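Okay, input_9.pdb now, which holds PDB, C-alpha atoms and all ligand atoms:
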ATOM      1  CA  VAL H   1      -6.783  29.959 -82.887
ATOM      2  CA  LEU H   2      -4.948  33.273 -82.847
ATOM      3  CA  GLY H   3      -2.496  34.408 -85.515
ATOM      4  CA  GLU H   4      -0.754  37.687 -86.271
ATOM      5  CA  ARG H   5      -3.194  39.088 -88.783
ATOM      6  CA  VAL H   6      -6.141  36.700 -88.586
ATOM      7  CA  TYR H   7      -7.794  34.353 -86.124
ATOM      8  CA  LEU H   8      -9.852  31.212 -86.644
ATOM      9  CA  ARG H   9     -12.986  30.171 -84.834
ATOM     10  CA  GLY H  10     -16.187  28.286 -85.569
ATOM     11  CA  HIS H  11     -19.114  30.324 -86.876
ATOM     12  CA  ARG H  12     -22.006  30.954 -84.519
ATOM     13  CA  ALA H  13     -25.569  30.319 -85.664
ATOM     14  CA  VAL H  14     -26.388  34.044 -85.405
ATOM     15  CA  GLU H  15     -23.630  34.757 -87.942
ATOM     16  CA  ALA H  16     -25.449  33.106 -90.864
ATOM     17  CA  PRO H  17     -26.040  36.538 -92.517
ATOM     18  CA  SER H  18     -22.314  37.391 -92.652
ATOM     19  CA  LEU H  19     -21.485  33.916 -93.951
ATOM     20  CA  LEU H  20     -24.151  34.281 -96.651
ATOM     21  CA  ASP H  21     -22.738  37.688 -97.551
ATOM     22  CA  LEU H  22     -19.229  36.175 -97.873
ATOM     23  CA  ARG H  23     -20.598  33.393-100.092
ATOM     24  CA  LEU H  24     -22.593  35.776-102.289
ATOM     25  CA  ARG H  25     -19.681  38.198-102.752
ATOM     26  CA  ASN H  26     -17.466  35.289-103.836
ATOM     27  CA  ARG H  27     -19.976  33.193-105.764
ATOM     28  CA  GLU H  28     -18.461  33.776-109.215
ATOM     29  CA  PHE H  29     -14.887  33.824-107.924
ATOM     30  CA  LEU H  30     -15.252  30.405-106.279
ATOM     31  CA  GLU H  31     -17.292  28.703-109.013
ATOM     32  CA  PRO H  32     -14.254  27.216-110.864
ATOM     33  CA  PHE H  33     -12.895  25.721-107.593
ATOM     34  CA  GLU H  34     -15.961  24.183-105.967
ATOM     35  CA  PRO H  35     -18.651  21.568-106.538
ATOM     36  CA  VAL H  36     -21.718  22.913-108.345
ATOM     37  CA  ARG H  37     -23.799  24.740-105.739
ATOM     38  CA  PRO H  38     -27.586  24.905-106.180
ATOM     39  CA  ASP H  39     -29.260  28.327-105.774
ATOM     40  CA  SER H  40     -30.691  27.055-102.487
ATOM     41  CA  PHE H  41     -27.140  26.994-101.061
ATOM     42  CA  PHE H  42     -27.021  30.792-101.269
ATOM     43  CA  THR H  43     -29.796  31.364 -98.735
ATOM     44  CA  LEU H  44     -29.881  32.242 -95.075
ATOM     45  CA  ASP H  45     -31.538  28.909 -94.236
ATOM     46  CA  SER H  46     -28.824  26.938 -95.966
ATOM     47  CA  GLN H  47     -25.963  28.905 -94.390
ATOM     48  CA  HIS H  48     -27.631  28.519 -90.994
ATOM     49  CA  ALA H  49     -27.862  24.758 -91.591
ATOM     50  CA  GLN H  50     -24.182  24.715 -92.643
ATOM     51  CA  ILE H  51     -23.193  26.311 -89.330
ATOM     52  CA  LEU H  52     -25.311  23.886 -87.279
ATOM     53  CA  GLY H  53     -23.934  20.958 -89.300
ATOM     54  CA  ALA H  54     -20.381  22.157 -88.672
ATOM     55  CA  GLU H  55     -21.045  22.413 -84.919
ATOM     56  CA  GLN H  56     -22.367  18.855 -84.881
ATOM     57  CA  ALA H  57     -19.438  17.543 -86.929
ATOM     58  CA  TRP H  58     -17.062  19.286 -84.499
ATOM     59  CA  ARG H  59     -18.735  17.608 -81.501
ATOM     60  CA  HIS H  60     -18.538  14.195 -83.207
ATOM     61  CA  ASP H  61     -14.864  14.618 -84.158
ATOM     62  CA  GLU H  62     -15.769  14.398 -87.859
ATOM     63  CA  ALA H  63     -14.670  17.836 -89.077
ATOM     64  CA  TYR H  64     -13.355  21.150 -87.751
ATOM     65  CA  ALA H  65     -14.562  24.139 -89.777
ATOM     66  CA  PHE H  66     -13.425  27.676 -89.054
ATOM     67  CA  GLY H  67     -14.206  31.158 -90.218
ATOM     68  CA  ILE H  68     -11.088  33.212 -90.962
ATOM     69  CA  PHE H  69     -11.489  36.583 -89.227
ATOM     70  CA  ASP H  70      -9.470  39.751 -89.762
ATOM     71  CA  LYS H  71      -7.997  40.683 -86.382
ATOM     72  CA  ALA H  72      -8.179  44.410 -87.119
ATOM     73  CA  THR H  73     -11.876  44.522 -88.032
ATOM     74  CA  ASP H  74     -13.331  41.153 -86.921
ATOM     75  CA  ALA H  75     -14.713  40.791 -90.467
ATOM     76  CA  VAL H  76     -14.992  37.268 -91.840
ATOM     77  CA  VAL H  77     -12.578  36.995 -94.792
ATOM     78  CA  GLY H  78     -12.701  33.286 -95.604
ATOM     79  CA  ARG H  79     -13.135  29.728 -94.444
ATOM     80  CA  VAL H  80     -10.782  26.867 -93.692
ATOM     81  CA  ALA H  81     -11.900  23.382 -92.695
ATOM     82  CA  LEU H  82     -10.352  20.118 -91.583
ATOM     83  CA  SER H  83     -12.772  17.494 -92.926
ATOM     84  CA  ASN H  84     -13.065  13.723 -93.281
ATOM     85  CA  VAL H  85     -11.415  13.073 -89.928
ATOM     86  CA  VAL H  86     -10.537   9.384 -89.596
ATOM     87  CA  ARG H  87      -8.865   8.198 -86.398
ATOM     88  CA  ALA H  88      -7.265   4.821 -85.547
ATOM     89  CA  SER H  89      -4.167   3.993 -87.562
ATOM     90  CA  TRP H  90      -4.739   6.754 -90.153
ATOM     91  CA  ASN H  91      -5.435   9.759 -87.864
ATOM     92  CA  ASN H  92      -5.845  11.938 -90.952
ATOM     93  CA  ALA H  93      -7.975  14.857 -92.136
ATOM     94  CA  THR H  94      -8.327  16.711 -95.434
ATOM     95  CA  ILE H  95      -8.059  20.490 -95.574
ATOM     96  CA  GLY H  96     -10.029  22.923 -97.722
ATOM     97  CA  TYR H  97     -10.033  26.717 -97.760
ATOM     98  CA  PHE H  98     -10.910  29.906 -99.563
ATOM     99  CA  VAL H  99     -10.244  33.581 -99.001
ATOM    100  CA  ASP H 100     -12.525  36.457-100.037
ATOM    101  CA  HIS H 101     -11.193  37.647-103.433
ATOM    102  CA  GLU H 102     -10.886  41.191-102.089
ATOM    103  CA  TYR H 103      -8.422  39.947 -99.460
ATOM    104  CA  ASN H 104      -6.295  37.805-101.784
ATOM    105  CA  GLY H 105      -2.540  38.305-102.041
ATOM    106  CA  ARG H 106      -2.002  39.485 -98.463
ATOM    107  CA  GLY H 107      -0.908  36.214 -96.925
ATOM    108  CA  VAL H 108      -4.308  35.485 -95.357
ATOM    109  CA  ALA H 109      -4.614  31.918 -96.690
ATOM    110  CA  THR H 110      -1.022  31.096 -95.769
ATOM    111  CA  GLU H 111      -1.543  32.219 -92.194
ATOM    112  CA  ALA H 112      -4.979  30.578 -91.894
ATOM    113  CA  VAL H 113      -3.860  27.222 -93.322
ATOM    114  CA  GLY H 114      -0.850  27.312 -90.987
ATOM    115  CA  LEU H 115      -3.120  27.964 -88.011
ATOM    116  CA  ALA H 116      -5.492  25.150 -89.024
ATOM    117  CA  VAL H 117      -2.555  22.725 -89.308
ATOM    118  CA  LYS H 118      -1.312  23.875 -85.896
ATOM    119  CA  PHE H 119      -4.805  23.177 -84.510
ATOM    120  CA  ALA H 120      -4.863  19.760 -86.222
ATOM    121  CA  PHE H 121      -1.597  18.653 -84.639
ATOM    122  CA  GLU H 122      -1.528  20.496 -81.326
ATOM    123  CA  GLN H 123      -5.212  20.437 -80.354
ATOM    124  CA  ALA H 124      -7.048  17.807 -82.390
ATOM    125  CA  GLY H 125      -4.203  15.286 -82.032
ATOM    126  CA  LEU H 126      -4.162  14.348 -85.726
ATOM    127  CA  HIS H 127      -1.074  12.861 -87.365
ATOM    128  CA  ARG H 128      -1.533  13.908 -91.015
ATOM    129  CA  VAL H 129      -3.351  16.602 -92.988
ATOM    130  CA  GLN H 130      -3.901  16.132 -96.722
ATOM    131  CA  ALA H 131      -4.747  18.681 -99.399
ATOM    132  CA  GLY H 132      -5.754  18.182-103.028
ATOM    133  CA  VAL H 133      -5.246  21.018-105.522
ATOM    134  CA  MET H 134      -5.924  21.275-109.237
ATOM    135  CA  PRO H 135      -2.585  21.622-111.098
ATOM    136  CA  HIS H 136      -3.472  25.041-112.545
ATOM    137  CA  ASN H 137      -4.394  26.555-109.152
ATOM    138  CA  SER H 138      -0.987  28.194-108.702
ATOM    139  CA  ALA H 139      -1.980  30.424-105.779
ATOM    140  CA  SER H 140      -3.222  27.464-103.753
ATOM    141  CA  LEU H 141      -0.161  25.341-104.605
ATOM    142  CA  ARG H 142       1.988  28.226-103.399
ATOM    143  CA  VAL H 143       0.027  28.488-100.130
ATOM    144  CA  LEU H 144       0.657  24.808 -99.365
ATOM    145  CA  GLU H 145       4.344  25.084-100.200
ATOM    146  CA  LYS H 146       4.703  28.122 -97.940
ATOM    147  CA  VAL H 147       3.059  26.282 -95.041
ATOM    148  CA  GLY H 148       5.350  23.277 -95.510
ATOM    149  CA  PHE H 149       3.197  20.640 -97.193
ATOM    150  CA  ARG H 150       5.032  18.015 -99.307
ATOM    151  CA  TYR H 151       3.918  17.045-102.828
ATOM    152  CA  GLU H 152       2.976  13.359-102.906
ATOM    153  CA  GLY H 153       1.643  12.773-106.408
ATOM    154  CA  LEU H 154      -1.149  13.266-108.910
ATOM    155  CA  ALA H 155      -4.590  11.797-108.217
ATOM    156  CA  GLU H 156      -6.477  11.432-111.492
ATOM    157  CA  ARG H 157     -10.149  12.423-111.710
ATOM    158  CA  TYR H 158     -10.057  12.942-107.954
ATOM    159  CA  LEU H 159     -12.850  15.448-107.229
ATOM    160  CA  ARG H 160     -15.886  16.653-109.127
ATOM    161  CA  ILE H 161     -15.264  20.399-109.433
ATOM    162  CA  ASN H 162     -17.749  22.629-111.221
ATOM    163  CA  GLY H 163     -19.216  19.519-112.867
ATOM    164  CA  VAL H 164     -15.956  17.903-114.064
ATOM    165  CA  TRP H 165     -13.894  15.070-112.493
ATOM    166  CA  GLU H 166     -10.652  17.015-112.127
ATOM    167  CA  ASP H 167      -7.124  15.684-111.508
ATOM    168  CA  HIS H 168      -5.628  16.943-108.247
ATOM    169  CA  ARG H 169      -2.127  17.206-106.904
ATOM    170  CA  ILE H 170      -2.014  15.596-103.467
ATOM    171  CA  TYR H 171      -0.057  17.362-100.760
ATOM    172  CA  ALA H 172       0.400  16.279 -97.147
ATOM    173  CA  ILE H 173       2.018  17.266 -93.898
ATOM    174  CA  THR H 174       2.551  15.068 -90.834
ATOM    175  CA  THR H 175       3.458  15.854 -87.250
ATOM    176  CA  GLU H 176       7.063  14.859 -88.047
ATOM    177  CA  ASP H 177       7.242  17.537 -90.775
ATOM    178  CA  TRP H 178       5.584  20.046 -88.441
ATOM    179  CA  GLU H 179       8.054  19.416 -85.630
ATOM    180  CA  ARG H 180      10.974  19.788 -88.027
ATOM    181  CA  LEU H 181       9.567  23.056 -89.396
ATOM    182  CA  ASN H 182       9.055  24.455 -85.916
ATOM    183  CA  ASP H 183      12.358  23.246 -84.477
ATOM    184  CA  PRO H 184      14.270  26.420 -83.529
ATOM    185  CA  ASP H 185      17.565  24.539 -83.979
ATOM    186  CA  GLY H 186      16.532  22.930 -87.273
TER     187      GLY H 186
HETATM  188  C1  LIG C 201      -5.975  30.134-103.256
HETATM  189  C2  LIG C 201      -6.400  31.196-102.236
HETATM  190  C3  LIG C 201      -6.891  30.504-100.989
HETATM  191  C4  LIG C 201      -5.160  32.062-101.913
HETATM  192  O1  LIG C 201      -5.500  32.997-100.896
HETATM  193  P1  LIG C 201      -4.529  34.239-100.533
HETATM  194  O2  LIG C 201      -4.944  34.772 -99.216
HETATM  195  O3  LIG C 201      -4.474  35.158-101.679
HETATM  196  O4  LIG C 201      -3.119  33.481-100.397
HETATM  197  P2  LIG C 201      -1.734  34.087 -99.840
HETATM  198  O5  LIG C 201      -1.763  35.572-100.012
HETATM  199  O6  LIG C 201      -1.506  33.547 -98.473
HETATM  200  O7  LIG C 201      -0.649  33.402-100.795
HETATM  201  C5  LIG C 201      -0.857  33.356-102.190
HETATM  202  C6  LIG C 201       0.465  33.064-102.881
HETATM  203  O8  LIG C 201       0.190  32.667-104.232
HETATM  204  C7  LIG C 201       0.864  33.535-105.108
HETATM  205  N1  LIG C 201       0.035  33.644-106.305
HETATM  206  C8  LIG C 201      -1.149  34.259-106.445
HETATM  207  N2  LIG C 201      -1.598  34.110-107.697
HETATM  208  C9  LIG C 201      -0.675  33.386-108.356
HETATM  209  C10 LIG C 201      -0.560  32.903-109.692
HETATM  210  N3  LIG C 201      -1.503  33.136-110.597
HETATM  211  N4  LIG C 201       0.542  32.182-110.011
HETATM  212  C11 LIG C 201       1.508  31.925-109.115
HETATM  213  N5  LIG C 201       1.453  32.354-107.820
HETATM  214  C12 LIG C 201       0.369  33.074-107.461
HETATM  215  C13 LIG C 201       1.021  34.839-104.355
HETATM  216  O9  LIG C 201       2.033  35.646-104.895
HETATM  217  C14 LIG C 201       1.365  34.283-102.964
HETATM  218  O10 LIG C 201       2.698  33.806-102.901
HETATM  219  P3  LIG C 201       3.919  34.689-102.309
HETATM  220  O11 LIG C 201       3.582  35.012-100.879
HETATM  221  O12 LIG C 201       5.096  33.836-102.484
HETATM  222  O13 LIG C 201       3.968  35.951-103.150
HETATM  223  C15 LIG C 201      -7.496  32.117-102.805
HETATM  224  O14 LIG C 201      -7.081  32.695-104.025
HETATM  225  C16 LIG C 201      -8.809  31.406-103.043
HETATM  226  O15 LIG C 201      -9.672  31.382-102.180
HETATM  227  N6  LIG C 201      -8.972  30.803-104.252
HETATM  228  C17 LIG C 201     -10.223  30.151-104.614
HETATM  229  C18 LIG C 201     -10.516  28.906-103.795
HETATM  230  C19 LIG C 201      -9.387  27.930-103.815
HETATM  231  O16 LIG C 201      -8.665  27.783-104.782
HETATM  232  N7  LIG C 201      -9.209  27.240-102.680
HETATM  233  C20 LIG C 201      -8.181  26.238-102.536
HETATM  234  C21 LIG C 201      -8.618  24.978-103.180
HETATM  235  S1  LIG C 201      -7.349  23.735-103.040
END
Before anything else, please render the file you have as structure tokens.
Amino acid sequence: VLGERVYLRGHRAVEAPSLLDLRLRNREFLEPFEPVRPDSFFTLDSQHAQILGAEQAWRHDEAYAFGIFDKATDAVVGRVALSNVVRASWNNATIGYFVDHEYNGRGVATEAVGLAVKFAFEQAGLHRVQAGVMPHNSASLRVLEKVGFRYEGLAERYLRINGVWEDHRIYAITTEDWERLNDPDG
């Protein structure tokens, strides 16, 4: 999925070293925002397995995980994933993302999340994408607002982040919102 400054695509198995490098460079930065990761996660084997798992999930219509690549250098600068895909009358996925701390504040997450939502609606045929954000994560809340997500409410003790069941603000966007946002006359 091609944007102005970044593009999204699935990681290839041979790219496990660059994914590991991204994870290692951002290990401390991401710790307050993620589940507790065992040391074994930060290994080539584990990152390789993550890539293969993501490919399988993609084929089974369970999740769509992308690397965020800088168009100018082709460097991987983050990840964004549509997960927990449920079809039938829900047709919903959850979205998660992070951007390399050295690339923060340049609009990378905003563009990447927008591209992932575009993929969700225009290629994966989903109807709704949901995000959950801890109330103090101002940068992430801002990203969702900029993309056009709506605030739906507070989910208490929603996800176990860094060992604690943290409240999350639930945001969502549906195809109806997306069409309105992209309506040139609207
Ligand atoms: C949240 C995250 C994805 C943002 O990535 P990014 O590429 O810097 O995001 P963008 O540059 O597209 O937009 C960030 C916005 O937040 C704003 N922002 C940054 N820090 C802020 C703060 N402390 N308070 C308020 N706003 C803040 C920026 O000014 C910008 O808004 P603007 O364009 O109106 O100025 C990144 O910091 C990250 O990976 N964080 C850790 C993981 C995480 O939180 N993931 C999301 C979990 S829900």
Reference answer for the PyMOL selection byres (((not hetatm)) within 10 of (chain C and resi 201)), as an MDAnalysis selection string:
chainID H and resid 26 29:34 77:80 95:114 131:147 168:171
Please write as an MDAnalysis selection string the full residue list that the PyMOL selection byres (((chain H and resi 20-25) around 8) and not hetatm) yields on this file.
chainID H and resid 16:19 26:28 42:44 47 76:78 100
Find the axis-aligned box for region 165-174 of chain H, covering all its listed atoms and adding 6 Å on each side, and write its centre and edge lengths in Å to one decimal as lines of an AutoDock Vina configuration file.
center_x = -5.7
center_y = 16.2
center_z = -101.7
size_x = 28.4
size_y = 14.3
size_z = 33.7
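What separates CA of Ile51 (chain H) from CA of Phe149 (chain H) is a distance of 28.1 Å.
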To one decimal place, how far is CA of Asp45 (chain H) from CA of Arg12 (chain H) in Å?
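For CA of Asp45 (chain H) relative to CA of Arg12 (chain H), the distance reads 13.8 Å.
Taking CA of Leu115 (chain H) and CA of Pro35 (chain H) as the two end points, the separation is 25.0 Å.
Each of H:Arg37, H:Arg128, H:His48, H:Arg87 was compared to Glu62 (chain H) using only C-alpha atoms, and H:Arg87 turns out to be the nearest.
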Tell me which protein, DNA and RNA residues are within 10 Å of Val86 (chain H), counting only C-alpha atoms, leaving out same-chain ones fewer than 3 positions away, and put them as number ranges by chain.
H: 61-63, 83, 89-94, 126
Please dump the current selection as a PDB file, in the coordinates of the input; keep C-alpha atoms.
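Heads up, here's the output in result34.pdb:
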ATOM      1  CA  ASP H  61     -14.864  14.618 -84.158  1.00  0.00           C
ATOM      2  CA  GLU H  62     -15.769  14.398 -87.859  1.00  0.00           C
ATOM      3  CA  ALA H  63     -14.670  17.836 -89.077  1.00  0.00           C
ATOM      4  CA  SER H  83     -12.772  17.494 -92.926  1.00  0.00           C
ATOM      5  CA  SER H  89      -4.167   3.993 -87.562  1.00  0.00           C
ATOM      6  CA  TRP H  90      -4.739   6.754 -90.153  1.00  0.00           C
ATOM      7  CA  ASN H  91      -5.435   9.759 -87.864  1.00  0.00           C
ATOM      8  CA  ASN H  92      -5.845  11.938 -90.952  1.00  0.00           C
ATOM      9  CA  ALA H  93      -7.975  14.857 -92.136  1.00  0.00           C
ATOM     10  CA  THR H  94      -8.327  16.711 -95.434  1.00  0.00           C
ATOM     11  CA  LEU H 126      -4.162  14.348 -85.726  1.00  0.00           C
TER      12      LEU H 126
END
Can you give me, as a ChimeraX atom specification, the residues this file yields under the PyMOL selection byres (((chain H and resi 11) around 9) and not hetatm)?
/H:9-10,12-16,19,51-52,54-55,65-67
Given the selection you just returned, output its residues as a file containing C-alpha atoms, formatted as a PDB file, in the coordinates of the input.
ATOM      1  CA  ARG H   9     -12.986  30.171 -84.834  1.00  0.00           C
ATOM      2  CA  GLY H  10     -16.187  28.286 -85.569  1.00  0.00           C
ATOM      3  CA  ARG H  12     -22.006  30.954 -84.519  1.00  0.00           C
ATOM      4  CA  ALA H  13     -25.569  30.319 -85.664  1.00  0.00           C
ATOM      5  CA  VAL H  14     -26.388  34.044 -85.405  1.00  0.00           C
ATOM      6  CA  GLU H  15     -23.630  34.757 -87.942  1.00  0.00           C
ATOM      7  CA  ALA H  16     -25.449  33.106 -90.864  1.00  0.00           C
ATOM      8  CA  LEU H  19     -21.485  33.916 -93.951  1.00  0.00           C
ATOM      9  CA  ILE H  51     -23.193  26.311 -89.330  1.00  0.00           C
ATOM     10  CA  LEU H  52     -25.311  23.886 -87.279  1.00  0.00           C
ATOM     11  CA  ALA H  54     -20.381  22.157 -88.672  1.00  0.00           C
ATOM     12  CA  GLU H  55     -21.045  22.413 -84.919  1.00  0.00           C
ATOM     13  CA  ALA H  65     -14.562  24.139 -89.777  1.00  0.00           C
ATOM     14  CA  PHE H  66     -13.425  27.676 -89.054  1.00  0.00           C
ATOM     15  CA  GLY H  67     -14.206  31.158 -90.218  1.00  0.00           C
TER      16      GLY H  67
END
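Checking H:Val85, H:Val164, H:Val129, H:Ala72 one by one against Arg150 (chain H), counting all atoms listed in the file, you find the shortest gap at H:Val129.
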Pick from H:His127, H:Arg160, H:His60, H:Arg5 nearest to Thr73 (chain H), counting all atoms listed in the file:
H:Arg5
Can you tell me, as a PDB file with C-alpha atoms, in the frame of the given file, which residues sit within 7 Å of (-9.4, 32.7, -85.7) in the file's frame, using only C-alpha atoms?
ATOM      1  CA  VAL H   1      -6.783  29.959 -82.887  1.00  0.00           C
ATOM      2  CA  LEU H   2      -4.948  33.273 -82.847  1.00  0.00           C
ATOM      3  CA  VAL H   6      -6.141  36.700 -88.586  1.00  0.00           C
ATOM      4  CA  TYR H   7      -7.794  34.353 -86.124  1.00  0.00           C
ATOM      5  CA  LEU H   8      -9.852  31.212 -86.644  1.00  0.00           C
ATOM      6  CA  ARG H   9     -12.986  30.171 -84.834  1.00  0.00           C
ATOM      7  CA  GLY H  67     -14.206  31.158 -90.218  1.00  0.00           C
ATOM      8  CA  ILE H  68     -11.088  33.212 -90.962  1.00  0.00           C
ATOM      9  CA  PHE H  69     -11.489  36.583 -89.227  1.00  0.00           C
TER      10      PHE H  69
END
For each of H:Gly125, H:Gly3, H:Gly148, H:Gly53, take the minimum atom-to-atom distance to Asn182 (chain H), counting all atoms listed in the file, then give the residue where this is smallest.
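Between H:Gly125, H:Gly3, H:Gly148, H:Gly53, the residue approaching Asn182 (chain H) most closely is H:Gly148.
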